Each structure stands twice: as C-alpha cells, then as structure tokens.
$ cat data.cif   # mmCIF, N, CA and C atoms
data_work
#
loop_
_atom_site.label_atom_id
_atom_site.label_comp_id
_atom_site.auth_asym_id
_atom_site.auth_seq_id
_atom_site.Cartn_x
_atom_site.Cartn_y
_atom_site.Cartn_z
N MET A 1 7.14 -39.18 89.25
CA MET A 1 7.08 -40.25 88.27
C MET A 1 5.84 -40.12 87.39
N SER A 2 4.67 -39.88 87.96
CA SER A 2 3.46 -39.77 87.14
C SER A 2 3.54 -38.58 86.19
N GLY A 3 4.27 -37.52 86.56
CA GLY A 3 4.46 -36.38 85.66
C GLY A 3 5.26 -36.78 84.43
N ASP A 4 6.25 -37.66 84.61
CA ASP A 4 7.03 -38.15 83.47
C ASP A 4 6.15 -38.95 82.51
N ILE A 5 5.27 -39.76 83.05
CA ILE A 5 4.38 -40.56 82.21
C ILE A 5 3.44 -39.65 81.44
N LEU A 6 2.90 -38.63 82.08
CA LEU A 6 2.02 -37.69 81.38
C LEU A 6 2.77 -36.96 80.27
N THR A 7 4.01 -36.56 80.52
CA THR A 7 4.82 -35.89 79.50
C THR A 7 5.06 -36.81 78.32
N MET A 8 5.37 -38.09 78.58
CA MET A 8 5.61 -39.05 77.50
C MET A 8 4.34 -39.26 76.67
N GLU A 9 3.19 -39.37 77.34
CA GLU A 9 1.93 -39.56 76.62
C GLU A 9 1.61 -38.34 75.76
N LYS A 10 1.86 -37.15 76.29
CA LYS A 10 1.63 -35.92 75.52
C LYS A 10 2.53 -35.91 74.30
N GLY A 11 3.79 -36.34 74.45
CA GLY A 11 4.72 -36.41 73.33
C GLY A 11 4.23 -37.36 72.25
N ARG A 12 3.75 -38.52 72.65
CA ARG A 12 3.24 -39.50 71.69
C ARG A 12 2.00 -38.99 70.97
N ASP A 13 1.14 -38.29 71.69
CA ASP A 13 -0.07 -37.72 71.09
C ASP A 13 0.28 -36.70 70.02
N GLU A 14 1.34 -35.94 70.22
CA GLU A 14 1.73 -34.89 69.28
C GLU A 14 2.58 -35.42 68.13
N LEU A 15 3.11 -36.62 68.26
CA LEU A 15 4.08 -37.15 67.31
C LEU A 15 3.52 -37.26 65.89
N LEU A 16 2.41 -37.93 65.70
CA LEU A 16 1.88 -38.14 64.36
C LEU A 16 1.50 -36.82 63.70
N VAL A 17 0.92 -35.92 64.45
CA VAL A 17 0.56 -34.61 63.90
C VAL A 17 1.81 -33.87 63.44
N ALA A 18 2.85 -33.90 64.25
CA ALA A 18 4.11 -33.22 63.90
C ALA A 18 4.73 -33.86 62.66
N LEU A 19 4.68 -35.18 62.56
CA LEU A 19 5.23 -35.87 61.39
C LEU A 19 4.45 -35.52 60.12
N GLN A 20 3.14 -35.45 60.23
CA GLN A 20 2.31 -35.08 59.08
C GLN A 20 2.61 -33.66 58.62
N GLU A 21 2.78 -32.75 59.57
CA GLU A 21 3.10 -31.36 59.23
C GLU A 21 4.46 -31.27 58.54
N ALA A 22 5.44 -32.01 59.03
CA ALA A 22 6.76 -32.00 58.42
C ALA A 22 6.72 -32.61 57.02
N GLN A 23 5.92 -33.66 56.84
CA GLN A 23 5.76 -34.29 55.52
C GLN A 23 5.22 -33.26 54.53
N ARG A 24 4.22 -32.49 54.94
CA ARG A 24 3.66 -31.45 54.06
C ARG A 24 4.70 -30.38 53.74
N LYS A 25 5.48 -30.01 54.74
CA LYS A 25 6.46 -28.93 54.56
C LYS A 25 7.65 -29.35 53.71
N TYR A 26 8.24 -30.51 54.00
CA TYR A 26 9.48 -30.93 53.35
C TYR A 26 9.26 -31.94 52.21
N GLY A 27 8.10 -32.58 52.17
CA GLY A 27 7.86 -33.62 51.20
C GLY A 27 8.32 -34.99 51.67
N TYR A 28 9.02 -35.02 52.76
CA TYR A 28 9.48 -36.25 53.41
C TYR A 28 9.93 -35.88 54.82
N LEU A 29 10.44 -36.85 55.58
CA LEU A 29 10.85 -36.61 56.97
C LEU A 29 12.37 -36.71 57.08
N PRO A 30 13.06 -35.58 57.05
CA PRO A 30 14.53 -35.61 57.16
C PRO A 30 14.97 -36.18 58.51
N GLU A 31 16.10 -36.87 58.50
CA GLU A 31 16.63 -37.49 59.73
C GLU A 31 16.85 -36.48 60.83
N ASP A 32 17.44 -35.32 60.48
CA ASP A 32 17.71 -34.33 61.53
C ASP A 32 16.42 -33.79 62.13
N TYR A 33 15.37 -33.68 61.31
CA TYR A 33 14.08 -33.24 61.84
C TYR A 33 13.54 -34.28 62.84
N MET A 34 13.62 -35.55 62.48
CA MET A 34 13.11 -36.60 63.38
C MET A 34 13.90 -36.62 64.69
N ALA A 35 15.21 -36.39 64.63
CA ALA A 35 16.03 -36.36 65.85
C ALA A 35 15.62 -35.19 66.74
N GLN A 36 15.43 -34.03 66.14
CA GLN A 36 15.00 -32.84 66.91
C GLN A 36 13.61 -33.06 67.51
N LEU A 37 12.73 -33.68 66.73
CA LEU A 37 11.38 -33.94 67.21
C LEU A 37 11.40 -34.89 68.40
N ALA A 38 12.20 -35.94 68.32
CA ALA A 38 12.31 -36.89 69.43
C ALA A 38 12.76 -36.18 70.69
N GLU A 39 13.76 -35.33 70.54
CA GLU A 39 14.27 -34.59 71.70
C GLU A 39 13.22 -33.64 72.26
N SER A 40 12.53 -32.92 71.39
CA SER A 40 11.55 -31.94 71.87
C SER A 40 10.33 -32.60 72.52
N LEU A 41 9.98 -33.81 72.06
CA LEU A 41 8.83 -34.51 72.64
C LEU A 41 9.24 -35.46 73.77
N ASP A 42 10.55 -35.54 74.03
CA ASP A 42 11.09 -36.39 75.08
C ASP A 42 10.71 -37.87 74.87
N ILE A 43 10.89 -38.32 73.64
CA ILE A 43 10.70 -39.73 73.31
C ILE A 43 11.92 -40.18 72.50
N SER A 44 12.09 -41.47 72.35
CA SER A 44 13.28 -41.98 71.67
C SER A 44 13.19 -41.77 70.15
N LEU A 45 14.35 -41.65 69.54
CA LEU A 45 14.42 -41.52 68.08
C LEU A 45 13.87 -42.78 67.43
N SER A 46 14.11 -43.93 68.03
CA SER A 46 13.59 -45.17 67.45
C SER A 46 12.06 -45.19 67.44
N GLU A 47 11.44 -44.59 68.43
CA GLU A 47 9.98 -44.51 68.45
C GLU A 47 9.47 -43.59 67.34
N VAL A 48 10.14 -42.46 67.15
CA VAL A 48 9.77 -41.53 66.08
C VAL A 48 9.93 -42.24 64.73
N TYR A 49 11.06 -42.90 64.53
CA TYR A 49 11.32 -43.60 63.28
C TYR A 49 10.32 -44.74 63.07
N GLY A 50 9.96 -45.43 64.13
CA GLY A 50 8.98 -46.51 64.03
C GLY A 50 7.63 -46.01 63.53
N VAL A 51 7.18 -44.87 64.04
CA VAL A 51 5.92 -44.29 63.59
C VAL A 51 6.07 -43.80 62.15
N ALA A 52 7.18 -43.16 61.83
CA ALA A 52 7.41 -42.62 60.49
C ALA A 52 7.43 -43.71 59.43
N THR A 53 7.92 -44.89 59.77
CA THR A 53 7.99 -45.97 58.78
C THR A 53 6.76 -46.87 58.80
N PHE A 54 5.93 -46.76 59.81
CA PHE A 54 4.72 -47.58 59.90
C PHE A 54 3.67 -47.11 58.90
N TYR A 55 3.50 -45.81 58.77
CA TYR A 55 2.45 -45.24 57.92
C TYR A 55 2.96 -45.06 56.49
N SER A 56 2.24 -45.64 55.53
CA SER A 56 2.69 -45.60 54.13
C SER A 56 2.62 -44.20 53.52
N PHE A 57 1.91 -43.29 54.13
CA PHE A 57 1.81 -41.93 53.58
C PHE A 57 2.88 -41.00 54.14
N LEU A 58 3.76 -41.54 54.96
CA LEU A 58 4.92 -40.79 55.45
C LEU A 58 6.16 -41.37 54.78
N ALA A 59 7.11 -40.51 54.44
CA ALA A 59 8.32 -40.96 53.75
C ALA A 59 9.56 -40.48 54.50
N THR A 60 10.55 -41.36 54.58
CA THR A 60 11.80 -40.99 55.25
C THR A 60 12.91 -40.65 54.26
N LYS A 61 12.58 -40.62 52.98
CA LYS A 61 13.53 -40.17 51.96
C LYS A 61 12.79 -39.29 50.97
N PRO A 62 13.51 -38.43 50.25
CA PRO A 62 12.84 -37.53 49.30
C PRO A 62 11.99 -38.29 48.29
N GLN A 63 10.85 -37.69 47.95
CA GLN A 63 9.89 -38.27 47.02
C GLN A 63 9.84 -37.43 45.75
N GLY A 64 9.26 -37.99 44.72
CA GLY A 64 9.07 -37.26 43.48
C GLY A 64 8.02 -36.17 43.64
N LYS A 65 7.96 -35.31 42.66
CA LYS A 65 6.94 -34.24 42.66
C LYS A 65 5.54 -34.86 42.69
N TYR A 66 5.39 -35.99 41.99
CA TYR A 66 4.13 -36.72 41.96
C TYR A 66 4.34 -38.08 42.59
N VAL A 67 3.68 -38.32 43.71
CA VAL A 67 3.77 -39.61 44.39
C VAL A 67 2.54 -40.42 43.97
N ILE A 68 2.81 -41.52 43.29
CA ILE A 68 1.74 -42.39 42.81
C ILE A 68 1.63 -43.56 43.78
N ARG A 69 0.47 -43.67 44.42
CA ARG A 69 0.21 -44.76 45.36
C ARG A 69 -0.83 -45.67 44.73
N VAL A 70 -0.41 -46.87 44.37
CA VAL A 70 -1.30 -47.82 43.71
C VAL A 70 -1.82 -48.80 44.76
N CYS A 71 -3.12 -48.96 44.79
CA CYS A 71 -3.76 -49.87 45.73
C CYS A 71 -3.49 -51.31 45.32
N LYS A 72 -3.11 -52.12 46.31
CA LYS A 72 -2.88 -53.54 46.05
C LYS A 72 -3.79 -54.42 46.92
N SER A 73 -4.90 -53.86 47.39
CA SER A 73 -5.83 -54.63 48.21
C SER A 73 -6.61 -55.62 47.33
N VAL A 74 -7.38 -56.48 47.94
CA VAL A 74 -8.06 -57.56 47.23
C VAL A 74 -8.96 -57.05 46.10
N PRO A 75 -9.85 -56.06 46.32
CA PRO A 75 -10.70 -55.63 45.19
C PRO A 75 -9.88 -55.15 43.99
N CYS A 76 -8.81 -54.41 44.24
CA CYS A 76 -7.97 -53.93 43.13
C CYS A 76 -7.21 -55.09 42.49
N TYR A 77 -6.71 -55.99 43.32
CA TYR A 77 -5.99 -57.16 42.80
C TYR A 77 -6.88 -57.98 41.87
N LEU A 78 -8.13 -58.17 42.28
CA LEU A 78 -9.07 -58.95 41.48
C LEU A 78 -9.43 -58.26 40.16
N LYS A 79 -9.24 -56.96 40.10
CA LYS A 79 -9.54 -56.20 38.87
C LYS A 79 -8.27 -55.83 38.12
N GLU A 80 -7.26 -56.69 38.21
CA GLU A 80 -6.04 -56.55 37.40
C GLU A 80 -5.10 -55.43 37.83
N ALA A 81 -5.04 -55.11 39.11
CA ALA A 81 -4.11 -54.08 39.58
C ALA A 81 -2.67 -54.45 39.24
N GLU A 82 -2.36 -55.74 39.29
CA GLU A 82 -0.99 -56.19 39.00
C GLU A 82 -0.56 -55.78 37.60
N SER A 83 -1.44 -55.93 36.62
CA SER A 83 -1.08 -55.55 35.25
C SER A 83 -0.97 -54.02 35.12
N MET A 84 -1.75 -53.28 35.89
CA MET A 84 -1.64 -51.81 35.88
C MET A 84 -0.31 -51.37 36.49
N ILE A 85 0.11 -52.07 37.54
CA ILE A 85 1.40 -51.77 38.18
C ILE A 85 2.53 -52.05 37.20
N GLU A 86 2.47 -53.18 36.52
CA GLU A 86 3.49 -53.51 35.53
C GLU A 86 3.52 -52.48 34.40
N PHE A 87 2.36 -52.03 33.99
CA PHE A 87 2.28 -50.99 32.94
C PHE A 87 2.98 -49.71 33.42
N MET A 88 2.69 -49.30 34.65
CA MET A 88 3.32 -48.08 35.18
C MET A 88 4.82 -48.25 35.31
N GLU A 89 5.27 -49.43 35.72
CA GLU A 89 6.72 -49.68 35.81
C GLU A 89 7.38 -49.45 34.44
N ARG A 90 6.75 -49.97 33.39
CA ARG A 90 7.30 -49.78 32.04
C ARG A 90 7.24 -48.32 31.61
N GLU A 91 6.13 -47.66 31.86
CA GLU A 91 5.97 -46.26 31.46
C GLU A 91 6.95 -45.34 32.18
N LEU A 92 7.14 -45.58 33.47
CA LEU A 92 7.99 -44.70 34.29
C LEU A 92 9.45 -45.14 34.33
N GLY A 93 9.70 -46.41 34.04
CA GLY A 93 11.07 -46.93 34.10
C GLY A 93 11.57 -47.12 35.52
N ILE A 94 10.64 -47.32 36.46
CA ILE A 94 11.01 -47.55 37.86
C ILE A 94 10.15 -48.66 38.43
N LYS A 95 10.61 -49.19 39.55
CA LYS A 95 9.87 -50.21 40.30
C LYS A 95 9.23 -49.54 41.52
N PRO A 96 8.24 -50.20 42.14
CA PRO A 96 7.66 -49.65 43.38
C PRO A 96 8.74 -49.37 44.42
N GLY A 97 8.63 -48.22 45.06
CA GLY A 97 9.61 -47.80 46.06
C GLY A 97 10.69 -46.91 45.47
N GLU A 98 10.67 -46.71 44.15
CA GLU A 98 11.70 -45.91 43.49
C GLU A 98 11.12 -44.58 42.99
N THR A 99 12.06 -43.68 42.68
CA THR A 99 11.73 -42.36 42.13
C THR A 99 12.46 -42.21 40.81
N THR A 100 11.80 -41.60 39.83
CA THR A 100 12.43 -41.40 38.54
C THR A 100 13.65 -40.50 38.70
N ALA A 101 14.62 -40.66 37.80
CA ALA A 101 15.88 -39.91 37.87
C ALA A 101 15.66 -38.41 37.85
N ASP A 102 14.61 -37.97 37.16
CA ASP A 102 14.33 -36.53 37.09
C ASP A 102 13.57 -36.01 38.31
N GLY A 103 13.25 -36.90 39.26
CA GLY A 103 12.55 -36.50 40.48
C GLY A 103 11.08 -36.18 40.27
N ARG A 104 10.55 -36.60 39.14
CA ARG A 104 9.16 -36.26 38.83
C ARG A 104 8.16 -37.22 39.48
N PHE A 105 8.45 -38.53 39.46
CA PHE A 105 7.50 -39.52 39.96
C PHE A 105 8.13 -40.45 40.98
N THR A 106 7.35 -40.80 42.00
CA THR A 106 7.67 -41.88 42.92
C THR A 106 6.52 -42.86 42.83
N LEU A 107 6.83 -44.14 42.73
CA LEU A 107 5.81 -45.18 42.63
C LEU A 107 5.80 -45.99 43.92
N GLN A 108 4.63 -46.11 44.53
CA GLN A 108 4.48 -46.87 45.77
C GLN A 108 3.27 -47.79 45.67
N LEU A 109 3.35 -48.90 46.38
CA LEU A 109 2.20 -49.79 46.52
C LEU A 109 1.68 -49.65 47.93
N VAL A 110 0.36 -49.51 48.06
CA VAL A 110 -0.25 -49.36 49.38
C VAL A 110 -1.40 -50.36 49.52
N ASN A 111 -1.75 -50.66 50.76
CA ASN A 111 -2.76 -51.68 51.00
C ASN A 111 -4.18 -51.23 50.73
N CYS A 112 -4.51 -50.00 50.96
CA CYS A 112 -5.88 -49.55 50.71
C CYS A 112 -5.89 -48.03 50.63
N ILE A 113 -6.65 -47.52 49.67
CA ILE A 113 -6.82 -46.06 49.57
C ILE A 113 -8.29 -45.68 49.67
N GLY A 114 -9.12 -46.65 50.05
CA GLY A 114 -10.54 -46.38 50.26
C GLY A 114 -11.33 -46.21 48.98
N ALA A 115 -10.89 -46.83 47.90
CA ALA A 115 -11.60 -46.71 46.62
C ALA A 115 -12.01 -48.08 46.11
N CYS A 116 -12.51 -48.91 47.02
CA CYS A 116 -12.88 -50.28 46.67
C CYS A 116 -14.02 -50.34 45.66
N ASP A 117 -14.73 -49.25 45.48
CA ASP A 117 -15.82 -49.21 44.50
C ASP A 117 -15.33 -48.86 43.09
N LYS A 118 -14.01 -48.55 42.94
CA LYS A 118 -13.47 -48.14 41.65
C LYS A 118 -12.16 -48.87 41.32
N PRO A 119 -12.09 -50.16 41.55
CA PRO A 119 -10.82 -50.84 41.32
C PRO A 119 -10.51 -51.01 39.83
N PRO A 120 -9.26 -51.12 39.46
CA PRO A 120 -8.08 -50.77 40.24
C PRO A 120 -7.96 -49.27 40.39
N ALA A 121 -7.35 -48.84 41.49
CA ALA A 121 -7.30 -47.41 41.80
C ALA A 121 -5.91 -46.99 42.26
N MET A 122 -5.68 -45.68 42.14
CA MET A 122 -4.42 -45.11 42.61
C MET A 122 -4.65 -43.67 43.02
N LEU A 123 -3.73 -43.17 43.82
CA LEU A 123 -3.69 -41.76 44.17
C LEU A 123 -2.46 -41.16 43.51
N VAL A 124 -2.62 -39.98 42.94
CA VAL A 124 -1.47 -39.20 42.48
C VAL A 124 -1.48 -37.98 43.39
N ASN A 125 -0.49 -37.95 44.28
CA ASN A 125 -0.50 -37.04 45.42
C ASN A 125 -1.81 -37.26 46.16
N ASP A 126 -2.73 -36.33 46.20
CA ASP A 126 -3.98 -36.54 46.93
C ASP A 126 -5.17 -36.75 46.00
N GLU A 127 -4.93 -36.89 44.71
CA GLU A 127 -6.02 -37.02 43.73
C GLU A 127 -6.29 -38.49 43.41
N LEU A 128 -7.53 -38.90 43.61
CA LEU A 128 -7.94 -40.29 43.39
C LEU A 128 -8.26 -40.54 41.92
N HIS A 129 -7.79 -41.68 41.42
CA HIS A 129 -8.10 -42.13 40.06
C HIS A 129 -8.51 -43.60 40.15
N GLY A 130 -9.70 -43.90 39.66
CA GLY A 130 -10.18 -45.27 39.71
C GLY A 130 -10.50 -45.83 38.35
N ASP A 131 -10.91 -47.09 38.33
CA ASP A 131 -11.23 -47.80 37.08
C ASP A 131 -10.10 -47.66 36.08
N LEU A 132 -8.88 -47.92 36.54
CA LEU A 132 -7.69 -47.70 35.72
C LEU A 132 -7.60 -48.64 34.53
N THR A 133 -7.10 -48.09 33.44
CA THR A 133 -6.76 -48.83 32.24
C THR A 133 -5.41 -48.27 31.78
N PRO A 134 -4.69 -48.99 30.93
CA PRO A 134 -3.44 -48.43 30.42
C PRO A 134 -3.63 -47.05 29.76
N GLY A 135 -4.68 -46.90 28.99
CA GLY A 135 -4.95 -45.61 28.35
C GLY A 135 -5.20 -44.50 29.36
N LYS A 136 -5.96 -44.80 30.38
CA LYS A 136 -6.25 -43.80 31.42
C LYS A 136 -4.98 -43.44 32.18
N ILE A 137 -4.14 -44.43 32.46
CA ILE A 137 -2.88 -44.17 33.16
C ILE A 137 -1.97 -43.27 32.33
N LYS A 138 -1.88 -43.55 31.02
CA LYS A 138 -1.06 -42.72 30.13
C LYS A 138 -1.53 -41.27 30.18
N GLN A 139 -2.83 -41.09 30.13
CA GLN A 139 -3.43 -39.75 30.18
C GLN A 139 -3.10 -39.05 31.50
N ILE A 140 -3.22 -39.75 32.60
CA ILE A 140 -2.94 -39.18 33.92
C ILE A 140 -1.47 -38.80 34.03
N LEU A 141 -0.58 -39.68 33.61
CA LEU A 141 0.85 -39.40 33.68
C LEU A 141 1.24 -38.21 32.81
N SER A 142 0.66 -38.12 31.63
CA SER A 142 1.00 -37.01 30.74
C SER A 142 0.49 -35.67 31.26
N SER A 143 -0.55 -35.70 32.09
CA SER A 143 -1.06 -34.44 32.67
C SER A 143 -0.24 -33.95 33.85
N CYS A 144 0.67 -34.78 34.34
CA CYS A 144 1.54 -34.40 35.46
C CYS A 144 2.75 -33.66 34.93
N LYS A 145 2.72 -32.36 35.04
CA LYS A 145 3.82 -31.54 34.50
C LYS A 145 4.57 -30.82 35.59
#

$ encode --input "data.cif" --output "structure tokens"
Amino acid sequence: MSGDILTMEKGRDELLVALQEAQRKYGYLPEDYMAQLAESLDISLSEVYGVATFYSFLATKPQGKYVIRVCKSVPCYLKEAESMIEFMERELGIKPGETTADGRFTLQLVNCIGACDKPPAMLVNDELHGDLTPGKIKQILSSCK
C-alpha cells in the first residue's frame, strides 16, 4: 500500500512539468495527450484536467500564434486596464478567451503577470509590455507577423 502512495505522489510531482513541456511542444494540451499522461503517471484523467485548467498559462484548446495575456489585477485595473482590454477587443475583433479566425492572436485575461510597477501590462507570448496606451498596443500588434 505505501508503494502505491509513493507512486501516486511521484506522478503528481511530474504532472505539472509534463504539462508545461507539452504546452511548449504543441502550443496547447491535446485531450489524447492528457489521457496518455494520466495513464503513464497512474493518476486520474480528471486530476490531469484539473491541473491543466487551473493554471492560466496552460491551454486545453489550440491558441493563436501570439497569445496576449492582459493583466486584470488591481494595479492594472486602477490604471485603466479595462479600457486597454476594450481597445484590444476592437482592434482584434475578438473577446477574451477567443482566437482570431486567422489563428494569429488569442486574447486572455490573467490575474497577475508580475508587472505591478508598469500598469497596465500584458504579455505577448513571453514578452512583457507595460505602461500600455492605445498607440503602444497598435504598435505591438502590428509588429506581430
């Protein structure tokens, strides 16, 4: 019995790392990959899915080439993040959680990206952009080719 518990703990320890590696490889976490991972780590598929959906930087459906994560935490909110989000919605023609028809952009809202000194802020893939303005956003979007 204690061997089973150790195996389960080892599986849970490896889960997040495996999910992050798959995210880098595929750009999202395919269902069949998550099912295979659950089986190989000897944990339930619901546990794998629970971890995959808990972290905002993991995706369970295909994402755009450029994933825009806009911070919606208090410092960004106080510096007009809401109006920057609305501007991006108009520019991209999508709402948060959606991907443009051409597969170029995915827009997401996240709670914190660690840029409280540069509000409002966003990440485009792994690149941080702070002190956002409509003009700056237009420039950033146009540089994404």

$ resolve_selection --input "data.cif" --expression "the PyMOL selection byres ((chain A and resi 43-55) around 8)" --output "list of chain:residue names"
A:Thr7, A:Met8, A:Gly11, A:Arg12, A:Leu15, A:Leu16, A:Leu19, A:Leu29, A:Met34, A:Ala35, A:Gln36, A:Leu37, A:Ala38, A:Glu39, A:Ser40, A:Leu41, A:Asp42, A:Ser56, A:Phe57, A:Leu58, A:Ala59, A:Thr60

$ write_last_selection --input "data.cif" --atoms "N, CA and C atoms" --output "CSV table (one decimal), keeping the file's coordinate frame"
chain,number,residue,atom,x,y,z
A,7,THR,N,4.0,-36.6,80.5
A,7,THR,CA,4.8,-35.9,79.5
A,7,THR,C,5.1,-36.8,78.3
A,8,MET,N,5.4,-38.1,78.6
A,8,MET,CA,5.6,-39.0,77.5
A,8,MET,C,4.3,-39.3,76.7
A,11,GLY,N,3.8,-36.3,74.4
A,11,GLY,CA,4.7,-36.4,73.3
A,11,GLY,C,4.2,-37.4,72.2
A,12,ARG,N,3.8,-38.5,72.6
A,12,ARG,CA,3.2,-39.5,71.7
A,12,ARG,C,2.0,-39.0,71.0
A,15,LEU,N,3.1,-36.6,68.3
A,15,LEU,CA,4.1,-37.2,67.3
A,15,LEU,C,3.5,-37.3,65.9
A,16,LEU,N,2.4,-37.9,65.7
A,16,LEU,CA,1.9,-38.1,64.4
A,16,LEU,C,1.5,-36.8,63.7
A,19,LEU,N,4.7,-35.2,62.6
A,19,LEU,CA,5.2,-35.9,61.4
A,19,LEU,C,4.4,-35.5,60.1
A,29,LEU,N,10.4,-36.8,55.6
A,29,LEU,CA,10.8,-36.6,57.0
A,29,LEU,C,12.4,-36.7,57.1
A,34,MET,N,13.6,-35.6,62.5
A,34,MET,CA,13.1,-36.6,63.4
A,34,MET,C,13.9,-36.6,64.7
A,35,ALA,N,15.2,-36.4,64.6
A,35,ALA,CA,16.0,-36.4,65.8
A,35,ALA,C,15.6,-35.2,66.7
A,36,GLN,N,15.4,-34.0,66.1
A,36,GLN,CA,15.0,-32.8,66.9
A,36,GLN,C,13.6,-33.1,67.5
A,37,LEU,N,12.7,-33.7,66.7
A,37,LEU,CA,11.4,-33.9,67.2
A,37,LEU,C,11.4,-34.9,68.4
A,38,ALA,N,12.2,-35.9,68.3
A,38,ALA,CA,12.3,-36.9,69.4
A,38,ALA,C,12.8,-36.2,70.7
A,39,GLU,N,13.8,-35.3,70.5
A,39,GLU,CA,14.3,-34.6,71.7
A,39,GLU,C,13.2,-33.6,72.3
A,40,SER,N,12.5,-32.9,71.4
A,40,SER,CA,11.6,-31.9,71.9
A,40,SER,C,10.3,-32.6,72.5
A,41,LEU,N,10.0,-33.8,72.1
A,41,LEU,CA,8.8,-34.5,72.6
A,41,LEU,C,9.2,-35.5,73.8
A,42,ASP,N,10.6,-35.5,74.0
A,42,ASP,CA,11.1,-36.4,75.1
A,42,ASP,C,10.7,-37.9,74.9
A,56,SER,N,2.2,-45.6,55.5
A,56,SER,CA,2.7,-45.6,54.1
A,56,SER,C,2.6,-44.2,53.5
A,57,PHE,N,1.9,-43.3,54.1
A,57,PHE,CA,1.8,-41.9,53.6
A,57,PHE,C,2.9,-41.0,54.1
A,58,LEU,N,3.8,-41.5,55.0
A,58,LEU,CA,4.9,-40.8,55.4
A,58,LEU,C,6.2,-41.4,54.8
A,59,ALA,N,7.1,-40.5,54.4
A,59,ALA,CA,8.3,-41.0,53.8
A,59,ALA,C,9.6,-40.5,54.5
A,60,THR,N,10.6,-41.4,54.6
A,60,THR,CA,11.8,-41.0,55.2
A,60,THR,C,12.9,-40.6,54.3

$ residues_around --input "data.cif" --residues "A:Val74" --least-positions-apart "6" --cutoff "8 Å" --atoms "all atoms listed in the file" --output "JSON, numbers by chain"
{"A": [111, 112, 116]}

$ resolve_selection --input "data.cif" --expression "the PyMOL selection byres ((chain A and resi 91-96) around 6)" --output "list in words"
Phe87, Met88, Glu89, Arg90, Gly97, Glu98, Leu107, Gln108 and Leu109 of chain A

$ atom_distance --input "data.cif" --atom1 "atom CA of A:Lys65" --atom2 "atom N of A:Gly103"
7.6 Å

$ select_by_dssp --input "data.cif" --residues "chain A" --states "alpha helix (DSSP H)" --output "VMD selection string"
chain A and resid 2 to 26 31 to 41 45 to 54 74 to 78 81 to 92 134 to 143

$ resolve_selection --input "data.cif" --expression "the PyMOL selection byres ((chain A and resi 64) around 6.5)" --output "NGL selection string"
:A and (62-63 or 65-67 or 99-100 or 103-106)

$ atom_distance --input "data.cif" --atom1 "atom N of A:Pro75" --atom2 "atom CA of A:Gln139"
23.8 Å

$ atom_distance --input "data.cif" --atom1 "atom C of A:Ile85" --atom2 "atom N of A:Lys61"
21.9 Å

$ axis_aligned_box --input "data.cif" --around "stretch 55-64 of chain A" --padding-each-side "6 Å" --output "lines of an AutoDock Vina configuration file"
center_x = 7.7
center_y = -41.0
center_z = 51.1
size_x = 23.7
size_y = 21.6
size_z = 27.3

$ select_by_dssp --input "data.cif" --residues "chain A" --states "strand (DSSP E or B)" --output "list in words"
Tyr66, Val67, Ile68, Arg69, Val70, Cys71, Thr99, Phe105, Thr106, Leu107, Gln108, Leu109, Val110, Met122, Leu123, Val124, Glu127, Leu128 and His129 of chain A

$ closest_residue --input "data.cif" --among "A:Cys71, A:Lys136, A:Glu86, A:Pro30" --to "A:Gly114" --atoms "only N, CA and C atoms"
A:Cys71

$ closest_residue --input "data.cif" --among "A:Ser83, A:Asp13, A:Cys76, A:Val110" --to "A:Thr133" --atoms "all atoms listed in the file"
A:Ser83
